[in-house]
Structures are given as structure tokens and as C-alpha cells.
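Trainee: This is my_file27.pdb, which holds PDB, C-alpha atoms, pLDDT in the B column:
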MODEL        1
ATOM      1  CA  MET A  81     -22.650 144.306-124.039  1.00 49.00           C
ATOM      2  CA  ASP A  82     -21.833 147.970-124.209  1.00 50.00           C
ATOM      3  CA  HIS A  83     -23.716 150.821-122.595  1.00 52.00           C
ATOM      4  CA  GLN A  84     -26.173 150.948-125.510  1.00 66.00           C
ATOM      5  CA  GLY A  85     -27.169 147.289-125.127  1.00 68.00           C
ATOM      6  CA  ALA A  86     -25.387 146.307-128.330  1.00 83.00           C
ATOM      7  CA  VAL A  87     -23.137 143.271-128.618  1.00 86.00           C
ATOM      8  CA  THR A  88     -19.494 143.879-129.479  1.00 87.00           C
ATOM      9  CA  PHE A  89     -17.483 141.352-131.456  1.00 87.00           C
ATOM     10  CA  ASP A  90     -15.633 140.387-128.254  1.00 90.00           C
ATOM     11  CA  ASP A  91     -19.030 139.698-126.628  1.00 90.00           C
ATOM     12  CA  ALA A  92     -19.969 137.497-129.583  1.00 89.00           C
ATOM     13  CA  VAL A  93     -16.696 135.553-129.313  1.00 91.00           C
ATOM     14  CA  ALA A  94     -17.316 135.007-125.587  1.00 93.00           C
ATOM     15  CA  ALA A  95     -20.843 133.746-126.324  1.00 90.00           C
ATOM     16  CA  LEU A  96     -19.522 131.351-128.974  1.00 90.00           C
ATOM     17  CA  GLU A  97     -16.854 130.062-126.591  1.00 92.00           C
ATOM     18  CA  SER A  98     -19.558 129.433-123.997  1.00 91.00           C
ATOM     19  CA  LEU A  99     -21.664 127.589-126.570  1.00 89.00           C
ATOM     20  CA  ALA A 100     -18.663 125.479-127.618  1.00 90.00           C
ATOM     21  CA  ARG A 101     -17.993 124.557-123.962  1.00 90.00           C
ATOM     22  CA  ALA A 102     -21.642 123.607-123.418  1.00 88.00           C
ATOM     23  CA  HIS A 103     -21.584 121.470-126.571  1.00 89.00           C
ATOM     24  CA  PHE A 104     -18.423 119.700-125.412  1.00 91.00           C
ATOM     25  CA  ASP A 105     -19.778 119.176-121.887  1.00 90.00           C
ATOM     26  CA  ILE A 106     -22.915 117.516-123.249  1.00 88.00           C
ATOM     27  CA  THR A 107     -21.509 115.554-126.205  1.00 90.00           C
ATOM     28  CA  GLY A 108     -17.834 115.105-125.392  1.00 93.00           C
ATOM     29  CA  GLN A 109     -17.080 116.346-128.920  1.00 90.00           C
ATOM     30  CA  PRO A 110     -15.747 119.726-130.053  1.00 91.00           C
ATOM     31  CA  LEU A 111     -17.828 121.849-132.406  1.00 89.00           C
ATOM     32  CA  LYS A 112     -16.584 121.196-135.912  1.00 87.00           C
ATOM     33  CA  SER A 113     -18.014 124.269-137.570  1.00 87.00           C
ATOM     34  CA  VAL A 114     -19.875 127.417-136.694  1.00 89.00           C
ATOM     35  CA  VAL A 115     -21.179 130.002-139.130  1.00 90.00           C
ATOM     36  CA  ILE A 116     -21.674 133.547-137.922  1.00 90.00           C
ATOM     37  CA  VAL A 117     -24.127 135.673-139.863  1.00 90.00           C
ATOM     38  CA  GLY A 118     -25.850 139.055-139.764  1.00 90.00           C
ATOM     39  CA  GLY A 119     -24.424 141.849-137.664  1.00 88.00           C
ATOM     40  CA  THR A 120     -22.027 139.451-135.946  1.00 88.00           C
ATOM     41  CA  ALA A 121     -20.450 138.580-139.302  1.00 90.00           C
ATOM     42  CA  LEU A 122     -20.234 142.262-140.212  1.00 91.00           C
ATOM     43  CA  ALA A 123     -18.440 142.913-136.917  1.00 88.00           C
ATOM     44  CA  ALA A 124     -16.043 140.035-137.630  1.00 87.00           C
ATOM     45  CA  HIS A 125     -15.105 141.752-140.894  1.00 90.00           C
ATOM     46  CA  ALA A 126     -14.812 145.147-139.172  1.00 89.00           C
ATOM     47  CA  ILE A 127     -17.651 146.545-141.267  1.00 92.00           C
ATOM     48  CA  ARG A 128     -19.528 147.567-138.131  1.00 89.00           C
ATOM     49  CA  GLU A 129     -18.579 147.656-134.475  1.00 86.00           C
ATOM     50  CA  ARG A 130     -21.676 146.154-132.838  1.00 86.00           C
ATOM     51  CA  SER A 131     -24.724 144.005-133.400  1.00 86.00           C
ATOM     52  CA  GLU A 132     -28.058 143.790-131.625  1.00 86.00           C
ATOM     53  CA  ASP A 133     -27.565 140.058-131.017  1.00 87.00           C
ATOM     54  CA  VAL A 134     -25.329 137.093-131.831  1.00 87.00           C
ATOM     55  CA  ASP A 135     -26.422 135.394-135.044  1.00 84.00           C
ATOM     56  CA  VAL A 136     -24.908 131.946-135.414  1.00 84.00           C
ATOM     57  CA  TYR A 137     -25.611 128.625-137.110  1.00 84.00           C
ATOM     58  CA  ALA A 138     -24.120 125.353-135.882  1.00 83.00           C
ATOM     59  CA  SER A 139     -25.861 122.208-137.120  1.00 78.00           C
ATOM     60  CA  ALA A 140     -24.531 120.076-134.252  1.00 80.00           C
ATOM     61  CA  VAL A 141     -25.964 122.318-131.502  1.00 82.00           C
ATOM     62  CA  ASP A 142     -29.334 121.672-129.896  1.00 79.00           C
ATOM     63  CA  ASP A 143     -31.562 123.690-127.569  1.00 77.00           C
ATOM     64  CA  GLU A 144     -30.137 122.085-124.405  1.00 77.00           C
ATOM     65  CA  GLU A 145     -26.667 123.343-125.294  1.00 75.00           C
ATOM     66  CA  ILE A 146     -27.972 126.832-126.019  1.00 77.00           C
ATOM     67  CA  GLY A 147     -29.699 126.841-122.623  1.00 75.00           C
ATOM     68  CA  ARG A 148     -26.403 126.037-120.905  1.00 73.00           C
ATOM     69  CA  ALA A 149     -24.329 128.557-122.839  1.00 71.00           C
TER
ENDMDL
END
Let's see the structure in the file written out as C-alpha cells.
Mentor:
Amino acid sequence: MDHQGAVTFDDAVAALESLARAHFDITGQPLKSVVIVGGTALAAHAIRERSEDVDVYASAVDDEEIGRA
């Protein structure tokens, strides 16, 4: 996060990598798809620089994986 408490796109990528590792550690399977939405998606398209959080949807991810990420 930057000095304003906002999440940069690089922060979002790091969070998604952590989530993917947690998913693999628990299931032994890689994530097949992840959808980023909201401010994170806008940052991915260089429409804005930061988001207030990381908005993501991954149907294969459960709460235990999120807790480990």
C-alpha cells in the first residue's frame, strides 16, 4: 500500500500471487481463472493508479485459502 493507504496495481498482483500460492498449497491445483473487478480492474487497464482494496472473484477459492493469503 502507498502512503495514502490505497492499493497499487503491484500490491494487487502480490495479493493475487499470495492467494494463488495458498490455493495450491491447500488443493495441489493451480488456480484456473481469476477475475479482477472494481478499482483493481481499472488499475489493470491504467484507468486509475490505485484502489481502496483488491476486488477479485475466483470460484475455486474458499475462505480457508483467503485466510492463508
Trainee: Any idea what's packed within 10 Å of segment 92-99 of chain A, counting only C-alpha atoms, ignoring anything in its chain fewer than 3 positions away? Could you give it as a tab-separated table (two decimals) with C-alpha atoms, keeping the file's coordinate frame?
Mentor:
chain	number	residue	atom	x	y	z
A	81	MET	CA	-22.65	144.31	-124.04
A	87	VAL	CA	-23.14	143.27	-128.62
A	88	THR	CA	-19.49	143.88	-129.48
A	89	PHE	CA	-17.48	141.35	-131.46
A	102	ALA	CA	-21.64	123.61	-123.42
A	103	HIS	CA	-21.58	121.47	-126.57
A	104	PHE	CA	-18.42	119.70	-125.41
A	105	ASP	CA	-19.78	119.18	-121.89
A	111	LEU	CA	-17.83	121.85	-132.41
A	114	VAL	CA	-19.88	127.42	-136.69
A	116	ILE	CA	-21.67	133.55	-137.92
A	120	THR	CA	-22.03	139.45	-135.95
A	121	ALA	CA	-20.45	138.58	-139.30
A	123	ALA	CA	-18.44	142.91	-136.92
A	124	ALA	CA	-16.04	140.04	-137.63
A	130	ARG	CA	-21.68	146.15	-132.84
A	131	SER	CA	-24.72	144.00	-133.40
A	133	ASP	CA	-27.56	140.06	-131.02
A	134	VAL	CA	-25.33	137.09	-131.83
A	135	ASP	CA	-26.42	135.39	-135.04
A	136	VAL	CA	-24.91	131.95	-135.41
A	138	ALA	CA	-24.12	125.35	-135.88
A	141	VAL	CA	-25.96	122.32	-131.50
A	145	GLU	CA	-26.67	123.34	-125.29
A	146	ILE	CA	-27.97	126.83	-126.02
A	147	GLY	CA	-29.70	126.84	-122.62
A	148	ARG	CA	-26.40	126.04	-120.90
A	149	ALA	CA	-24.33	128.56	-122.84
Trainee: Which residues, written as a list in words, have at least one atom at most 10 Å from Lys112 of chain A, with all atoms listed in the file counted and residues fewer than 6 positions away on the same chain left out?
Mentor: Ala100, Ala138, Ser139 and Ala140 of chain A
Trainee: Using Å and a single decimal, report how far atom CA of Gly119 of chain A sits from atom CA of Asp142 of chain A.
Mentor: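 Going from atom CA of Asp142 of chain A over to atom CA of Gly119 of chain A covers 22.2 Å.
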Trainee: Of the candidates A:Gly108, A:Ala86, A:Arg101, A:Val117, which shows the shortest atom-to-atom distance to Glu129 of chain A, using all atoms listed in the file?
Mentor: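 The closest residue to Glu129 of chain A is A:Ala86.
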Trainee: Once N, CA and C atoms are restored for segment 122-145 of chain A, what would the output be as a PDB file, in the frame of the given file?
Mentor:
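See selection_34.pdb below for the written result:
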ATOM      1  N   LEU A 122     -20.726 140.937-139.818  1.00 91.00           N
ATOM      2  CA  LEU A 122     -20.234 142.262-140.212  1.00 91.00           C
ATOM      3  C   LEU A 122     -19.196 142.771-139.221  1.00 91.00           C
ATOM      4  N   ALA A 123     -19.411 142.516-137.936  1.00 88.00           N
ATOM      5  CA  ALA A 123     -18.440 142.913-136.917  1.00 88.00           C
ATOM      6  C   ALA A 123     -17.143 142.129-137.081  1.00 88.00           C
ATOM      7  N   ALA A 124     -17.243 140.853-137.433  1.00 87.00           N
ATOM      8  CA  ALA A 124     -16.043 140.035-137.630  1.00 87.00           C
ATOM      9  C   ALA A 124     -15.185 140.575-138.772  1.00 87.00           C
ATOM     10  N   HIS A 125     -15.822 141.184-139.750  1.00 90.00           N
ATOM     11  CA  HIS A 125     -15.105 141.752-140.894  1.00 90.00           C
ATOM     12  C   HIS A 125     -14.827 143.244-140.724  1.00 90.00           C
ATOM     13  N   ALA A 126     -15.055 143.741-139.510  1.00 89.00           N
ATOM     14  CA  ALA A 126     -14.812 145.147-139.172  1.00 89.00           C
ATOM     15  C   ALA A 126     -15.611 146.110-140.038  1.00 89.00           C
ATOM     16  N   ILE A 127     -16.771 145.676-140.491  1.00 92.00           N
ATOM     17  CA  ILE A 127     -17.651 146.545-141.267  1.00 92.00           C
ATOM     18  C   ILE A 127     -18.505 147.392-140.322  1.00 92.00           C
ATOM     19  N   ARG A 128     -18.837 146.816-139.178  1.00 89.00           N
ATOM     20  CA  ARG A 128     -19.528 147.567-138.131  1.00 89.00           C
ATOM     21  C   ARG A 128     -18.974 147.136-136.791  1.00 89.00           C
ATOM     22  N   GLU A 129     -19.165 147.946-135.777  1.00 86.00           N
ATOM     23  CA  GLU A 129     -18.579 147.656-134.475  1.00 86.00           C
ATOM     24  C   GLU A 129     -19.449 146.760-133.610  1.00 86.00           C
ATOM     25  N   ARG A 130     -20.782 146.846-133.764  1.00 86.00           N
ATOM     26  CA  ARG A 130     -21.676 146.154-132.838  1.00 86.00           C
ATOM     27  C   ARG A 130     -22.851 145.538-133.587  1.00 86.00           C
ATOM     28  N   SER A 131     -23.515 144.630-132.891  1.00 86.00           N
ATOM     29  CA  SER A 131     -24.724 144.005-133.400  1.00 86.00           C
ATOM     30  C   SER A 131     -25.765 144.042-132.291  1.00 86.00           C
ATOM     31  N   GLU A 132     -27.007 143.832-132.644  1.00 86.00           N
ATOM     32  CA  GLU A 132     -28.058 143.790-131.625  1.00 86.00           C
ATOM     33  C   GLU A 132     -28.140 142.431-130.948  1.00 86.00           C
ATOM     34  N   ASP A 133     -27.548 141.402-131.570  1.00 87.00           N
ATOM     35  CA  ASP A 133     -27.565 140.058-131.017  1.00 87.00           C
ATOM     36  C   ASP A 133     -26.436 139.252-131.642  1.00 87.00           C
ATOM     37  N   VAL A 134     -26.331 137.988-131.255  1.00 87.00           N
ATOM     38  CA  VAL A 134     -25.329 137.093-131.831  1.00 87.00           C
ATOM     39  C   VAL A 134     -26.063 136.140-132.753  1.00 87.00           C
ATOM     40  N   ASP A 135     -25.796 136.256-134.042  1.00 84.00           N
ATOM     41  CA  ASP A 135     -26.422 135.394-135.044  1.00 84.00           C
ATOM     42  C   ASP A 135     -25.435 134.302-135.427  1.00 84.00           C
ATOM     43  N   VAL A 136     -25.826 133.055-135.180  1.00 84.00           N
ATOM     44  CA  VAL A 136     -24.908 131.946-135.414  1.00 84.00           C
ATOM     45  C   VAL A 136     -25.686 130.725-135.872  1.00 84.00           C
ATOM     46  N   TYR A 137     -25.048 129.909-136.711  1.00 84.00           N
ATOM     47  CA  TYR A 137     -25.611 128.625-137.110  1.00 84.00           C
ATOM     48  C   TYR A 137     -24.569 127.550-136.827  1.00 84.00           C
ATOM     49  N   ALA A 138     -24.975 126.516-136.128  1.00 83.00           N
ATOM     50  CA  ALA A 138     -24.120 125.353-135.882  1.00 83.00           C
ATOM     51  C   ALA A 138     -25.033 124.134-135.909  1.00 83.00           C
ATOM     52  N   SER A 139     -24.922 123.323-136.937  1.00 78.00           N
ATOM     53  CA  SER A 139     -25.861 122.208-137.120  1.00 78.00           C
ATOM     54  C   SER A 139     -25.805 121.196-135.985  1.00 78.00           C
ATOM     55  N   ALA A 140     -24.681 121.091-135.299  1.00 80.00           N
ATOM     56  CA  ALA A 140     -24.531 120.076-134.252  1.00 80.00           C
ATOM     57  C   ALA A 140     -25.070 120.534-132.900  1.00 80.00           C
ATOM     58  N   VAL A 141     -25.535 121.762-132.788  1.00 82.00           N
ATOM     59  CA  VAL A 141     -25.964 122.318-131.502  1.00 82.00           C
ATOM     60  C   VAL A 141     -27.474 122.177-131.354  1.00 82.00           C
ATOM     61  N   ASP A 142     -27.896 121.755-130.157  1.00 79.00           N
ATOM     62  CA  ASP A 142     -29.334 121.672-129.896  1.00 79.00           C
ATOM     63  C   ASP A 142     -29.739 122.640-128.799  1.00 79.00           C
ATOM     64  N   ASP A 143     -31.031 122.709-128.513  1.00 77.00           N
ATOM     65  CA  ASP A 143     -31.562 123.690-127.569  1.00 77.00           C
ATOM     66  C   ASP A 143     -30.981 123.529-126.165  1.00 77.00           C
ATOM     67  N   GLU A 144     -30.699 122.304-125.747  1.00 77.00           N
ATOM     68  CA  GLU A 144     -30.137 122.085-124.405  1.00 77.00           C
ATOM     69  C   GLU A 144     -28.779 122.778-124.278  1.00 77.00           C
ATOM     70  N   GLU A 145     -27.979 122.710-125.322  1.00 75.00           N
ATOM     71  CA  GLU A 145     -26.667 123.343-125.294  1.00 75.00           C
ATOM     72  C   GLU A 145     -26.806 124.861-125.251  1.00 75.00           C
TER      73      GLU A 145
END
